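Chemist: See start_22.tsv below, with TSV, C-alpha atoms and all ligand atoms.
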```
chain	number	residue	atom	x	y	z
A	1	MET	CA	-34.00	-6.14	17.80
A	2	PHE	CA	-35.56	-8.12	14.96
A	3	GLN	CA	-36.89	-11.56	15.79
A	4	ASP	CA	-34.17	-12.15	18.42
A	5	GLN	CA	-31.45	-10.82	16.12
A	6	LEU	CA	-29.60	-7.52	16.52
A	7	VAL	CA	-30.06	-5.14	13.62
A	8	SER	CA	-27.46	-3.05	11.75
A	9	TYR	CA	-28.73	-0.25	9.51
A	10	SER	CA	-27.01	2.38	7.40
A	11	GLY	CA	-27.38	4.36	4.20
A	12	VAL	CA	-25.45	6.25	1.56
A	13	GLN	CA	-26.75	9.10	-0.59
A	14	PRO	CA	-26.39	8.64	-4.37
A	15	SER	CA	-25.66	12.36	-4.58
A	16	GLY	CA	-22.16	12.20	-6.06
A	17	ASN	CA	-19.40	9.76	-6.92
A	18	LEU	CA	-18.49	7.87	-3.77
A	19	THR	CA	-15.17	8.67	-2.12
A	20	ILE	CA	-12.61	6.79	-0.04
A	21	GLY	CA	-14.20	8.63	2.92
A	22	ASN	CA	-17.50	6.84	2.21
A	23	TYR	CA	-15.57	3.60	1.77
A	24	LEU	CA	-13.35	3.74	4.87
A	25	GLY	CA	-15.81	5.52	7.15
A	26	ALA	CA	-18.86	3.47	6.22
A	27	ILE	CA	-19.32	0.94	3.39
A	28	ARG	CA	-16.20	-1.14	4.06
A	29	ASN	CA	-17.42	-1.77	7.61
A	30	PHE	CA	-20.98	-2.78	6.73
A	31	SER	CA	-20.10	-6.37	5.87
A	32	SER	CA	-18.53	-7.01	9.29
A	33	TYR	CA	-22.07	-7.15	10.72
A	34	SER	CA	-23.46	-9.61	8.17
A	35	GLU	CA	-22.87	-12.75	10.23
A	36	LYS	CA	-24.21	-11.68	13.62
A	37	TYR	CA	-26.76	-9.01	12.71
A	38	LYS	CA	-29.80	-8.69	10.52
A	39	CYS	CA	-28.47	-5.99	8.16
A	40	PHE	CA	-30.30	-3.37	6.13
A	41	TYR	CA	-28.27	-1.08	3.86
A	42	CYS	CA	-30.12	1.51	1.89
A	43	VAL	CA	-29.41	3.73	-1.12
A	44	VAL	CA	-31.04	6.90	0.21
A	45	ASP	CA	-32.30	8.60	-2.94
A	46	SER	CA	-35.03	10.54	-1.12
A	47	HIS	CA	-32.36	12.20	1.01
A	48	ALA	CA	-30.38	13.14	-2.10
A	49	ILE	CA	-33.09	15.43	-3.51
A	50	THR	CA	-32.72	17.88	-0.61
A	51	VAL	CA	-30.04	19.27	-2.94
A	52	ARG	CA	-30.87	19.67	-6.65
A	53	GLN	CA	-29.92	16.60	-8.69
A	54	VAL	CA	-29.71	15.99	-12.43
A	55	PRO	CA	-32.29	13.15	-12.89
A	56	ALA	CA	-30.09	11.03	-15.20
A	57	ASP	CA	-27.18	11.31	-12.76
A	58	LEU	CA	-29.34	10.40	-9.76
A	59	ARG	CA	-30.67	7.35	-11.63
A	60	ARG	CA	-27.18	6.18	-12.66
A	61	ARG	CA	-25.73	6.72	-9.20
A	62	THR	CA	-28.55	4.77	-7.59
A	63	TYR	CA	-27.54	1.71	-9.63
A	64	GLU	CA	-23.87	2.46	-8.97
A	65	THR	CA	-24.31	2.70	-5.22
A	66	LEU	CA	-26.06	-0.66	-5.10
A	67	ALA	CA	-23.33	-2.17	-7.30
A	68	LEU	CA	-20.69	-0.68	-5.00
A	69	TYR	CA	-22.37	-2.12	-1.92
A	70	MET	CA	-22.12	-5.53	-3.55
A	71	ALA	CA	-18.58	-4.90	-4.83
A	72	CYS	CA	-17.52	-4.01	-1.27
A	73	GLY	CA	-18.59	-7.45	-0.12
A	74	LEU	CA	-22.26	-7.09	0.80
A	75	ASP	CA	-23.94	-10.30	-0.27
A	76	PRO	CA	-27.62	-9.61	-1.05
A	77	GLU	CA	-28.49	-13.05	0.29
A	78	LYS	CA	-27.16	-12.08	3.73
A	79	ASN	CA	-28.01	-8.34	3.73
A	80	THR	CA	-31.14	-6.49	2.72
A	81	LEU	CA	-29.95	-3.99	0.09
A	82	TYR	CA	-32.60	-1.63	-1.24
A	83	VAL	CA	-33.51	1.84	-2.48
A	84	GLN	CA	-35.24	4.20	-0.05
A	85	SER	CA	-37.94	5.51	-2.39
A	86	HIS	CA	-39.08	1.91	-3.04
A	87	VAL	CA	-40.31	1.64	0.55
A	88	HIS	CA	-42.88	4.39	1.15
A	89	GLU	CA	-43.02	3.71	4.91
A	90	HIS	CA	-39.87	5.86	5.27
A	91	THR	CA	-41.68	9.04	4.33
A	92	ASP	CA	-44.88	7.98	6.17
A	93	LEU	CA	-42.98	7.58	9.44
A	94	ALA	CA	-40.94	10.73	8.77
A	95	TRP	CA	-44.12	12.82	8.86
A	96	ILE	CA	-45.10	11.32	12.20
A	97	LEU	CA	-41.63	11.84	13.65
A	98	ASN	CA	-41.64	15.46	12.43
A	99	CYS	CA	-44.36	15.98	15.02
A	100	PHE	CA	-41.99	14.70	17.71
A	101	THR	CA	-38.93	16.71	16.69
A	102	MET	CA	-38.29	20.24	17.84
A	103	PHE	CA	-37.46	23.17	15.58
A	104	GLY	CA	-34.57	24.07	17.91
A	105	GLU	CA	-33.08	20.59	17.62
A	106	LEU	CA	-33.05	20.70	13.84
A	107	SER	CA	-31.63	24.24	13.84
A	108	ARG	CA	-28.60	23.00	15.75
A	109	MET	CA	-27.61	20.36	13.18
A	110	THR	CA	-24.18	21.24	11.78
A	111	GLN	CA	-24.91	19.56	8.43
A	112	PHE	CA	-27.97	21.77	7.99
A	113	LYS	CA	-25.89	24.86	8.78
A	114	ASP	CA	-23.14	23.78	6.34
A	115	LYS	CA	-25.49	22.80	3.54
A	116	SER	CA	-27.65	25.88	3.85
A	117	ALA	CA	-24.53	28.04	3.66
A	118	LYS	CA	-23.43	26.13	0.54
A	119	HIS	CA	-26.87	26.15	-1.14
A	120	SER	CA	-28.12	29.54	0.02
A	121	ASP	CA	-30.46	29.77	-2.99
A	122	ASN	CA	-32.27	26.56	-2.01
A	123	ILE	CA	-32.71	26.27	1.76
A	124	ASN	CA	-35.76	24.04	1.43
A	125	ALA	CA	-37.81	22.43	4.21
A	126	GLY	CA	-36.48	18.98	3.21
A	127	LEU	CA	-32.93	20.12	3.95
A	128	PHE	CA	-34.12	21.22	7.40
A	129	THR	CA	-36.07	18.06	8.23
A	130	TYR	CA	-33.48	15.73	6.63
A	131	PRO	CA	-32.43	14.26	10.04
A	132	VAL	CA	-36.06	13.28	10.72
A	133	LEU	CA	-36.19	11.20	7.53
A	134	MET	CA	-32.89	9.66	8.61
A	135	ALA	CA	-34.37	8.86	12.05
A	136	SER	CA	-37.32	7.24	10.34
A	137	ASP	CA	-34.96	5.11	8.17
A	138	ILE	CA	-33.24	3.83	11.29
A	139	LEU	CA	-36.23	3.41	13.60
A	140	LEU	CA	-38.43	1.56	11.08
A	141	TYR	CA	-36.08	-1.44	11.32
A	142	GLN	CA	-35.77	-1.49	15.15
A	143	THR	CA	-32.07	-0.87	14.66
A	144	ASP	CA	-29.44	-1.58	17.31
A	145	VAL	CA	-26.30	-0.26	15.58
A	146	VAL	CA	-25.71	2.35	12.88
A	147	PRO	CA	-22.23	2.15	11.31
A	148	VAL	CA	-21.41	5.69	10.10
A	149	GLY	CA	-18.57	8.18	9.74
A	150	ILE	CA	-18.11	10.84	12.43
A	151	ASP	CA	-20.02	13.46	10.43
A	152	GLN	CA	-23.28	11.49	10.87
A	153	LYS	CA	-22.93	10.96	14.63
A	154	GLN	CA	-24.95	14.06	15.48
A	155	HIS	CA	-27.84	12.85	13.32
A	156	VAL	CA	-27.86	9.43	15.00
A	157	GLU	CA	-27.83	11.13	18.39
A	158	LEU	CA	-30.86	13.18	17.39
A	159	CYS	CA	-32.50	9.94	16.24
A	160	ARG	CA	-31.91	8.52	19.74
A	161	ASP	CA	-33.51	11.61	21.30
A	162	ILE	CA	-36.55	11.27	19.04
A	163	ALA	CA	-36.87	7.54	19.83
A	164	ASN	CA	-36.58	8.16	23.58
A	165	ARG	CA	-39.15	10.96	23.44
A	166	PHE	CA	-41.59	8.78	21.50
A	167	ASN	CA	-40.99	5.78	23.80
A	168	GLN	CA	-41.70	7.91	26.86
A	169	LEU	CA	-45.10	8.84	25.48
A	170	TYR	CA	-45.79	5.43	23.89
A	171	PRO	CA	-43.68	2.82	25.69
A	172	ASP	CA	-41.85	0.00	23.89
A	173	THR	CA	-42.21	1.40	20.39
A	174	PHE	CA	-38.66	1.81	19.10
A	175	THR	CA	-35.26	0.24	19.75
A	176	VAL	CA	-32.87	3.08	20.60
A	177	PRO	CA	-29.88	2.79	18.22
A	178	GLU	CA	-26.15	3.34	18.83
A	179	PRO	CA	-23.88	5.02	16.28
A	180	ILE	CA	-20.76	2.91	15.61
A	181	MET	CA	-17.66	4.53	14.16
A	182	ALA	CA	-14.74	2.76	12.46
A	183	LYS	CA	-11.53	2.62	14.54
A	184	SER	CA	-9.62	4.04	11.61
A	185	GLY	CA	-11.04	6.10	8.76
A	186	ALA	CA	-14.13	7.52	10.49
A	187	LYS	CA	-13.16	11.00	9.25
A	188	ILE	CA	-11.08	11.29	6.10
A	189	MET	CA	-10.14	14.85	5.22
A	190	SER	CA	-9.91	16.70	1.91
A	191	LEU	CA	-6.53	16.39	0.16
A	192	ALA	CA	-6.62	20.08	-0.78
A	193	GLU	CA	-7.88	21.49	2.54
A	194	PRO	CA	-7.07	18.91	5.22
A	195	THR	CA	-9.08	20.70	7.91
A	196	LYS	CA	-12.24	19.99	5.88
A	197	LYS	CA	-14.00	16.63	5.51
A	198	MET	CA	-13.48	14.82	2.16
A	199	SER	CA	-16.86	15.15	0.48
A	200	LYS	CA	-18.38	13.65	-2.66
A	201	SER	CA	-19.91	17.03	-3.47
A	202	ASP	CA	-16.56	18.88	-3.45
A	203	GLU	CA	-16.15	20.83	-6.67
A	204	ASN	CA	-12.39	20.32	-6.65
A	205	ALA	CA	-11.91	16.74	-7.93
A	206	ASN	CA	-8.25	16.84	-6.79
A	207	ALA	CA	-9.37	17.20	-3.18
A	208	VAL	CA	-11.20	13.90	-3.34
A	209	VAL	CA	-10.20	10.32	-4.16
A	210	TYR	CA	-13.15	8.46	-5.63
A	211	ILE	CA	-13.56	4.72	-5.11
A	212	LEU	CA	-13.65	4.33	-8.89
A	213	ASP	CA	-10.57	6.45	-9.72
A	214	ASP	CA	-7.95	4.52	-11.68
A	215	LYS	CA	-4.49	3.83	-10.23
A	216	ASP	CA	-2.71	6.71	-12.01
A	217	THR	CA	-5.36	9.20	-10.94
A	218	ILE	CA	-5.21	7.99	-7.33
A	219	ILE	CA	-1.41	8.30	-7.22
A	220	ARG	CA	-1.49	11.73	-8.92
A	221	LYS	CA	-4.05	13.01	-6.39
A	222	PHE	CA	-2.05	11.79	-3.39
A	223	LYS	CA	1.15	13.26	-4.86
A	224	ARG	CA	-0.56	16.65	-5.02
A	225	ALA	CA	-2.03	16.42	-1.51
A	226	VAL	CA	-1.42	19.50	0.63
A	227	THR	CA	1.08	18.84	3.44
A	228	ASP	CA	3.42	21.23	5.32
A	229	SER	CA	6.92	22.66	5.14
A	230	ASP	CA	8.32	20.07	7.55
A	231	THR	CA	9.79	16.94	5.95
A	232	CYS	CA	9.23	14.40	8.68
A	233	VAL	CA	6.42	11.82	8.47
A	234	ARG	CA	4.97	11.92	12.00
A	235	TYR	CA	1.53	12.37	13.51
A	236	ALA	CA	1.40	15.70	15.31
A	237	GLU	CA	-0.83	18.67	16.02
A	238	GLY	CA	-0.85	21.19	13.19
A	239	LYS	CA	0.24	18.62	10.60
A	240	ASP	CA	-3.29	18.12	9.28
A	241	GLY	CA	-2.28	17.03	5.78
A	242	ILE	CA	0.24	14.42	6.97
A	243	ASN	CA	-2.08	13.27	9.77
A	244	ASN	CA	-4.78	12.65	7.16
A	245	LEU	CA	-2.41	10.74	4.85
A	246	MET	CA	-1.22	8.66	7.80
A	247	THR	CA	-4.85	7.90	8.66
A	248	VAL	CA	-5.54	6.79	5.07
A	249	TYR	CA	-2.38	4.64	5.02
A	250	ASN	CA	-3.25	3.13	8.40
A	251	ALA	CA	-6.82	2.40	7.24
A	252	PHE	CA	-5.67	0.66	4.06
A	253	THR	CA	-2.64	-1.24	5.42
A	254	GLY	CA	-3.45	-1.76	9.12
A	255	LYS	CA	0.02	-0.36	10.02
A	256	THR	CA	0.04	1.68	13.24
A	257	PHE	CA	1.19	5.31	13.31
A	258	ASP	CA	4.43	4.21	15.06
A	259	GLU	CA	5.11	1.66	12.33
A	260	ILE	CA	4.41	4.26	9.64
A	261	GLU	CA	6.76	6.77	11.26
A	262	ARG	CA	9.50	4.13	11.38
A	263	GLU	CA	8.89	3.01	7.78
A	264	PHE	CA	9.40	6.55	6.46
A	265	GLU	CA	12.17	7.70	8.80
A	266	GLY	CA	14.74	9.62	6.76
A	267	LYS	CA	12.55	9.55	3.65
A	268	GLY	CA	10.74	12.55	2.19
A	269	TYR	CA	7.04	13.23	1.75
A	270	GLY	CA	7.30	12.15	-1.91
A	271	ASP	CA	8.03	8.52	-1.00
A	272	PHE	CA	5.30	8.53	1.62
A	273	LYS	CA	2.66	9.96	-0.72
A	274	MET	CA	3.57	7.39	-3.35
A	275	ALA	CA	3.17	4.58	-0.82
A	276	VAL	CA	-0.24	5.92	0.31
A	277	GLY	CA	-1.41	6.13	-3.32
A	278	GLU	CA	-0.27	2.59	-4.07
A	279	ALA	CA	-1.84	1.11	-0.93
A	280	CYS	CA	-5.11	2.83	-1.75
A	281	ALA	CA	-5.12	1.83	-5.44
A	282	ASP	CA	-4.20	-1.79	-4.63
A	283	ALA	CA	-6.97	-2.08	-2.04
A	284	LEU	CA	-9.57	-0.61	-4.39
A	285	ALA	CA	-8.61	-2.64	-7.49
A	286	PRO	CA	-10.68	-5.75	-6.62
A	287	VAL	CA	-13.66	-3.57	-5.63
A	288	GLN	CA	-13.45	-1.78	-8.99
A	289	GLN	CA	-13.26	-5.08	-10.87
A	290	ARG	CA	-16.37	-6.49	-9.15
A	291	PHE	CA	-18.17	-3.16	-9.59
A	292	LYS	CA	-17.62	-3.33	-13.35
A	293	GLU	CA	-19.06	-6.82	-13.49
A	294	PHE	CA	-22.16	-5.89	-11.47
A	295	MET	CA	-22.79	-2.72	-13.46
A	296	ALA	CA	-22.76	-4.75	-16.67
A	297	ASP	CA	-25.84	-6.63	-15.46
A	298	LYS	CA	-28.58	-4.07	-14.92
A	299	ALA	CA	-31.31	-6.71	-14.86
A	300	MET	CA	-29.58	-8.39	-11.92
A	301	LEU	CA	-29.30	-5.04	-10.08
A	302	GLU	CA	-33.00	-4.35	-10.67
A	303	ALA	CA	-33.93	-7.81	-9.42
A	304	GLN	CA	-31.86	-7.16	-6.28
A	305	MET	CA	-33.55	-3.79	-5.77
A	306	LYS	CA	-36.95	-5.47	-6.02
A	307	LYS	CA	-36.05	-8.28	-3.65
A	308	GLY	CA	-34.50	-5.84	-1.15
A	309	ALA	CA	-37.55	-3.58	-1.23
A	310	GLU	CA	-39.86	-6.52	-0.55
A	311	GLU	CA	-37.78	-7.65	2.44
A	312	ALA	CA	-37.48	-4.10	3.80
A	313	SER	CA	-41.18	-3.30	3.29
A	314	TYR	CA	-42.20	-6.34	5.29
A	315	VAL	CA	-40.33	-5.06	8.38
A	316	ALA	CA	-41.10	-1.39	7.79
A	317	ARG	CA	-44.84	-2.06	7.47
A	318	ARG	CA	-44.91	-3.79	10.84
A	319	THR	CA	-43.21	-0.90	12.66
A	320	LEU	CA	-45.30	1.74	10.93
A	321	SER	CA	-48.51	-0.09	11.76
A	322	LYS	CA	-47.44	-0.40	15.42
A	323	VAL	CA	-46.73	3.35	15.55
A	324	GLN	CA	-50.03	4.24	13.89
A	325	LYS	CA	-51.98	2.08	16.35
A	326	LYS	CA	-50.21	3.66	19.31
A	327	LEU	CA	-51.03	7.13	18.01
A	328	GLY	CA	-54.74	6.30	17.63
A	329	PHE	CA	-54.94	6.15	13.83
A	330	VAL	CA	-57.86	3.98	12.73
A	331	GLN	CA	-56.71	0.89	10.82
A	332	VAL	CA	-59.21	-0.80	8.53
A	333	ARG	CA	-57.45	-3.86	7.18
B	1	LIG	P1	-23.38	10.27	3.09
B	1	LIG	O1	-24.01	9.78	1.85
B	1	LIG	O2	-22.92	11.68	3.15
B	1	LIG	O3	-22.15	9.37	3.48
B	1	LIG	C1	-22.26	7.96	3.56
B	1	LIG	C2	-21.41	7.45	4.71
B	1	LIG	O4	-20.05	7.83	4.51
B	1	LIG	C3	-19.56	8.49	5.68
B	1	LIG	N1	-18.60	9.51	5.25
B	1	LIG	C4	-17.34	9.59	5.69
B	1	LIG	N2	-16.65	8.84	6.56
B	1	LIG	C5	-15.35	9.17	6.77
B	1	LIG	N3	-14.74	10.23	6.16
B	1	LIG	C6	-15.41	11.02	5.29
B	1	LIG	N4	-14.80	12.04	4.70
B	1	LIG	C7	-16.77	10.70	5.01
B	1	LIG	N5	-17.71	11.26	4.20
B	1	LIG	C8	-18.82	10.52	4.38
B	1	LIG	C9	-20.79	9.11	6.32
B	1	LIG	O5	-20.58	9.38	7.68
B	1	LIG	C10	-21.83	8.04	6.07
B	1	LIG	O6	-21.76	7.04	7.06
B	1	LIG	N6	-27.28	11.09	6.09
B	1	LIG	C11	-26.38	10.09	5.60
B	1	LIG	C12	-27.09	8.97	4.84
B	1	LIG	C13	-28.20	8.32	5.62
B	1	LIG	C14	-28.03	7.40	6.69
B	1	LIG	C15	-29.37	7.02	7.04
B	1	LIG	C16	-26.92	6.87	7.34
B	1	LIG	C17	-29.52	8.46	5.37
B	1	LIG	N7	-30.23	7.68	6.24
B	1	LIG	C18	-29.59	6.11	8.07
B	1	LIG	C19	-27.15	5.97	8.39
B	1	LIG	C20	-28.48	5.60	8.74
B	1	LIG	C21	-25.42	10.74	4.62
B	1	LIG	O7	-25.65	11.79	4.11
B	1	LIG	O8	-24.34	9.97	4.33
```
Take the structure in the file and give it back as structure tokens.
Modeler:
Amino acid sequence: MFQDQLVSYSGVQPSGNLTIGNYLGAIRNFSSYSEKYKCFYCVVDSHAITVRQVPADLRRRTYETLALYMACGLDPEKNTLYVQSHVHEHTDLAWILNCFTMFGELSRMTQFKDKSAKHSDNINAGLFTYPVLMASDILLYQTDVVPVGIDQKQHVELCRDIANRFNQLYPDTFTVPEPIMAKSGAKIMSLAEPTKKMSKSDENANAVVYILDDKDTIIRKFKRAVTDSDTCVRYAEGKDGINNLMTVYNAFTGKTFDEIEREFEGKGYGDFKMAVGEACADALAPVQQRFKEFMADKAMLEAQMKKGAEEASYVARRTLSKVQKKLGFVQVR
């Protein structure tokens, strides 16, 4: 709760080109909170360096992620949009929360297990304590709701455990947040391996549809999507590829699974894939257009980053100071 207003908080890593999973599972939903909530949406660059990044790419993607936030409808006058490393309170609080998070809890995080298997040559401490930095992002703003895809639910639940533990020792410190998942699109799967989440770090570009892919590329990727040997468009167990395409189509068009099944009755997978590709490309076209315009004005993006960091720092400073006082740190201001 922030000055009698509920708070929505979320973040996206600038660690790769953003996908329709990021769009449908997260960013597209952020703006629905803008009217009723005080909203903070962060470009989490500090999280991104838990995996090695090429500096020029990280820099470019940080601008791009902010531009995409705006292109997806987040008005910087109604939402605080900022870059994580511009607000040092995130890492200050993360250290404190590290002392209230158990080794066993972090060891159980599935993202840590997945990422350490994928980057076995670089299982650094930051990768391990990543969820603590995420908890500090959320708790600094006294957040009520965290709109995320299903893959981040476990991290938000750990954040709740950390907040409750801290509140038990030092009452009334943090608001305990709720993860909120989109009704449709909270878990979009890879087009090449539909039992695996679509991920911006996938090496196979055909497995992933990026928000900035052009229409032809989007249609080509959907045409190649892995399905099954059946020919009937219906949602059923074992039909992971078709289930995923139906989910994407439902998320972009609002048509229910029943309506989709009826629409493609007697038609083959080819027609269906084409329709999914077109719905996706048509929905993304205006986002891409606005993105191009925002990216052409770097000075504007930098001014927004600065303004967002000032707004965020003001709130973050207050929470950090409250926490430090409760812990017994001497404050000499
Ligand atoms: P990240 O950058 O991996 O993803 C950003 C958001 O996109 C969602 N998402 C998906 N949703 C549906 N289908 C998919 N295939 C898919 N892939 C990704 C994610 O669930 C996420 O909501 N740790 C976070 C970033 C973060 C954060 C935070 C989020 C840092 N601090 C505080 C919320 C609050 C992450 O790596 O997201």
Chemist: Check every protein, DNA and RNA residue against ligand LIG 1 (chain B), keep those with an atom at most 6 Å away (counting all atoms listed in the file), and present them as a PyMOL selection string.
Modeler: chain A and resi 9-13+21-22+25-26+44+134+137-138+146+148-152+185-189+197-199
Chemist: Take the residues from that selection and put them in a file with C-alpha atoms, as a PDB file, keeping the file's coordinate frame.
Modeler:
```pdb
ATOM      1  CA  TYR A   9     -28.730  -0.250   9.510  1.00  0.00           C
ATOM      2  CA  SER A  10     -27.010   2.380   7.400  1.00  0.00           C
ATOM      3  CA  GLY A  11     -27.380   4.360   4.200  1.00  0.00           C
ATOM      4  CA  VAL A  12     -25.450   6.250   1.560  1.00  0.00           C
ATOM      5  CA  GLN A  13     -26.750   9.100  -0.590  1.00  0.00           C
ATOM      6  CA  GLY A  21     -14.200   8.630   2.920  1.00  0.00           C
ATOM      7  CA  ASN A  22     -17.500   6.840   2.210  1.00  0.00           C
ATOM      8  CA  GLY A  25     -15.810   5.520   7.150  1.00  0.00           C
ATOM      9  CA  ALA A  26     -18.860   3.470   6.220  1.00  0.00           C
ATOM     10  CA  VAL A  44     -31.040   6.900   0.210  1.00  0.00           C
ATOM     11  CA  MET A 134     -32.890   9.660   8.610  1.00  0.00           C
ATOM     12  CA  ASP A 137     -34.960   5.110   8.170  1.00  0.00           C
ATOM     13  CA  ILE A 138     -33.240   3.830  11.290  1.00  0.00           C
ATOM     14  CA  VAL A 146     -25.710   2.350  12.880  1.00  0.00           C
ATOM     15  CA  VAL A 148     -21.410   5.690  10.100  1.00  0.00           C
ATOM     16  CA  GLY A 149     -18.570   8.180   9.740  1.00  0.00           C
ATOM     17  CA  ILE A 150     -18.110  10.840  12.430  1.00  0.00           C
ATOM     18  CA  ASP A 151     -20.020  13.460  10.430  1.00  0.00           C
ATOM     19  CA  GLN A 152     -23.280  11.490  10.870  1.00  0.00           C
ATOM     20  CA  GLY A 185     -11.040   6.100   8.760  1.00  0.00           C
ATOM     21  CA  ALA A 186     -14.130   7.520  10.490  1.00  0.00           C
ATOM     22  CA  LYS A 187     -13.160  11.000   9.250  1.00  0.00           C
ATOM     23  CA  ILE A 188     -11.080  11.290   6.100  1.00  0.00           C
ATOM     24  CA  MET A 189     -10.140  14.850   5.220  1.00  0.00           C
ATOM     25  CA  LYS A 197     -14.000  16.630   5.510  1.00  0.00           C
ATOM     26  CA  MET A 198     -13.480  14.820   2.160  1.00  0.00           C
ATOM     27  CA  SER A 199     -16.860  15.150   0.480  1.00  0.00           C
TER      28      SER A 199
END
```
Chemist: Taking 5 positions as the minimum chain separation for residues in the same chain, which residues sit within 9 Å of A:Gln5 when counting all atoms listed in the file? Answer as a list in words.
Modeler: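 So, after excluding close chain neighbours, the residues are Lys36, Tyr37 and Lys38 of chain A.
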Chemist: Would you please work out which residue, of A:Asp230, A:Leu327, A:Ile218, A:Asp45, is nearest to A:Ala275 when using all atoms listed in the file?
Modeler: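 Closest to A:Ala275 of all the choices is A:Ile218.
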Chemist: Using all atoms listed in the file and a cutoff of 12 Å, can you tell me which residues are near (-45.8, -0.4, 10.4) in the file's coordinates, and write them out as a ChimeraX atom specification?
Modeler: /A:87-93,96,136,139-142,173-174,312-327,329,331
Chemist: Could you name the residues that touch A:Leu18 at 12 Å or less, counting all atoms listed in the file, but leaving out those on the same chain fewer than 5 positions away, as a list in words?
Modeler: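 Returned residues: Val12, Gln13, Tyr23, Leu24, Gly25, Ala26, Ile27, Val43, Arg61, Thr62, Glu64, Thr65, Leu66, Ala67, Leu68, Tyr69, Met198, Ser199, Lys200, Ser201, Asp202, Ala205, Val208, Val209, Tyr210, Ile211, Leu212 and Asp213 of chain A.
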Chemist: Would you pick out the contacts of A:Lys113 at 10 Å or less, using only C-alpha atoms, so that residues sharing its chain but fewer than 4 positions from it are not included, and give the list as JSON, numbers by chain?
Modeler: {"A": [106, 107, 108, 109, 117, 118, 123, 127, 128]}
Chemist: Just to be explicit: take each residue in the selection above, keep C-alpha atoms, and write the result as a short mmCIF file (atom, residue, chain, number, x, y, z; two decimals), in the coordinates of the input.
Modeler:
```cif
data_model
loop_
_atom_site.label_atom_id
_atom_site.label_comp_id
_atom_site.auth_asym_id
_atom_site.auth_seq_id
_atom_site.Cartn_x
_atom_site.Cartn_y
_atom_site.Cartn_z
CA LEU A 106 -33.05 20.70 13.84
CA SER A 107 -31.63 24.24 13.84
CA ARG A 108 -28.60 23.00 15.75
CA MET A 109 -27.61 20.36 13.18
CA ALA A 117 -24.53 28.04 3.66
CA LYS A 118 -23.43 26.13 0.54
CA ILE A 123 -32.71 26.27 1.76
CA LEU A 127 -32.93 20.12 3.95
CA PHE A 128 -34.12 21.22 7.40
#
```
Chemist: Atom CA of A:Tyr33 and atom CA of A:Phe112, how far apart in Å?
Modeler: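 Spanning atom CA of A:Phe112 to atom CA of A:Tyr33 is a straight-line distance of 29.6 Å.
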Chemist: Which polymer residues have any atom within 10 Å of an atom of A:Lys306, counting all atoms listed in the file, with same-chain residues fewer than 4 positions away left out, as a list in words?
Modeler: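 Contacts, in chain order: Leu81, Tyr82, Val83, His86, Met300, Leu301, Glu302, Glu310, Glu311 and Ala312 of chain A.
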Chemist: Report, in Å to a single decimal, how far apart atom CA of A:Leu245 and atom CA of A:Val233 are.
Modeler: 9.6 Å
Chemist: Just give me the gap between atom CA of A:Lys153 and atom CA of A:Gly16 in Å, one decimal is fine.
Modeler: 20.7 Å
Chemist: Taking 3 positions as the minimum chain separation for residues in the same chain, which residues sit within 10 Å of A:Asn243 when counting all atoms listed in the file? Answer as number ranges by chain.
Modeler: A: 188-189, 194, 227, 233-240, 246-249, 257
Chemist: How would you write as a PDB file with C-alpha atoms, in the coordinates of the input the residues that get within 10 Å of (-19.7, -4.8, 7.1) in the file's frame, counting all atoms listed in the file?
Modeler:
```
ATOM      1  CA  SER A   8     -27.460  -3.050  11.750  1.00  0.00           C
ATOM      2  CA  ALA A  26     -18.860   3.470   6.220  1.00  0.00           C
ATOM      3  CA  ILE A  27     -19.320   0.940   3.390  1.00  0.00           C
ATOM      4  CA  ARG A  28     -16.200  -1.140   4.060  1.00  0.00           C
ATOM      5  CA  ASN A  29     -17.420  -1.770   7.610  1.00  0.00           C
ATOM      6  CA  PHE A  30     -20.980  -2.780   6.730  1.00  0.00           C
ATOM      7  CA  SER A  31     -20.100  -6.370   5.870  1.00  0.00           C
ATOM      8  CA  SER A  32     -18.530  -7.010   9.290  1.00  0.00           C
ATOM      9  CA  TYR A  33     -22.070  -7.150  10.720  1.00  0.00           C
ATOM     10  CA  SER A  34     -23.460  -9.610   8.170  1.00  0.00           C
ATOM     11  CA  GLU A  35     -22.870 -12.750  10.230  1.00  0.00           C
ATOM     12  CA  TYR A  37     -26.760  -9.010  12.710  1.00  0.00           C
ATOM     13  CA  CYS A  39     -28.470  -5.990   8.160  1.00  0.00           C
ATOM     14  CA  TYR A  41     -28.270  -1.080   3.860  1.00  0.00           C
ATOM     15  CA  TYR A  69     -22.370  -2.120  -1.920  1.00  0.00           C
ATOM     16  CA  CYS A  72     -17.520  -4.010  -1.270  1.00  0.00           C
ATOM     17  CA  GLY A  73     -18.590  -7.450  -0.120  1.00  0.00           C
ATOM     18  CA  LEU A  74     -22.260  -7.090   0.800  1.00  0.00           C
ATOM     19  CA  ASN A  79     -28.010  -8.340   3.730  1.00  0.00           C
ATOM     20  CA  PRO A 147     -22.230   2.150  11.310  1.00  0.00           C
TER      21      PRO A 147
END
```
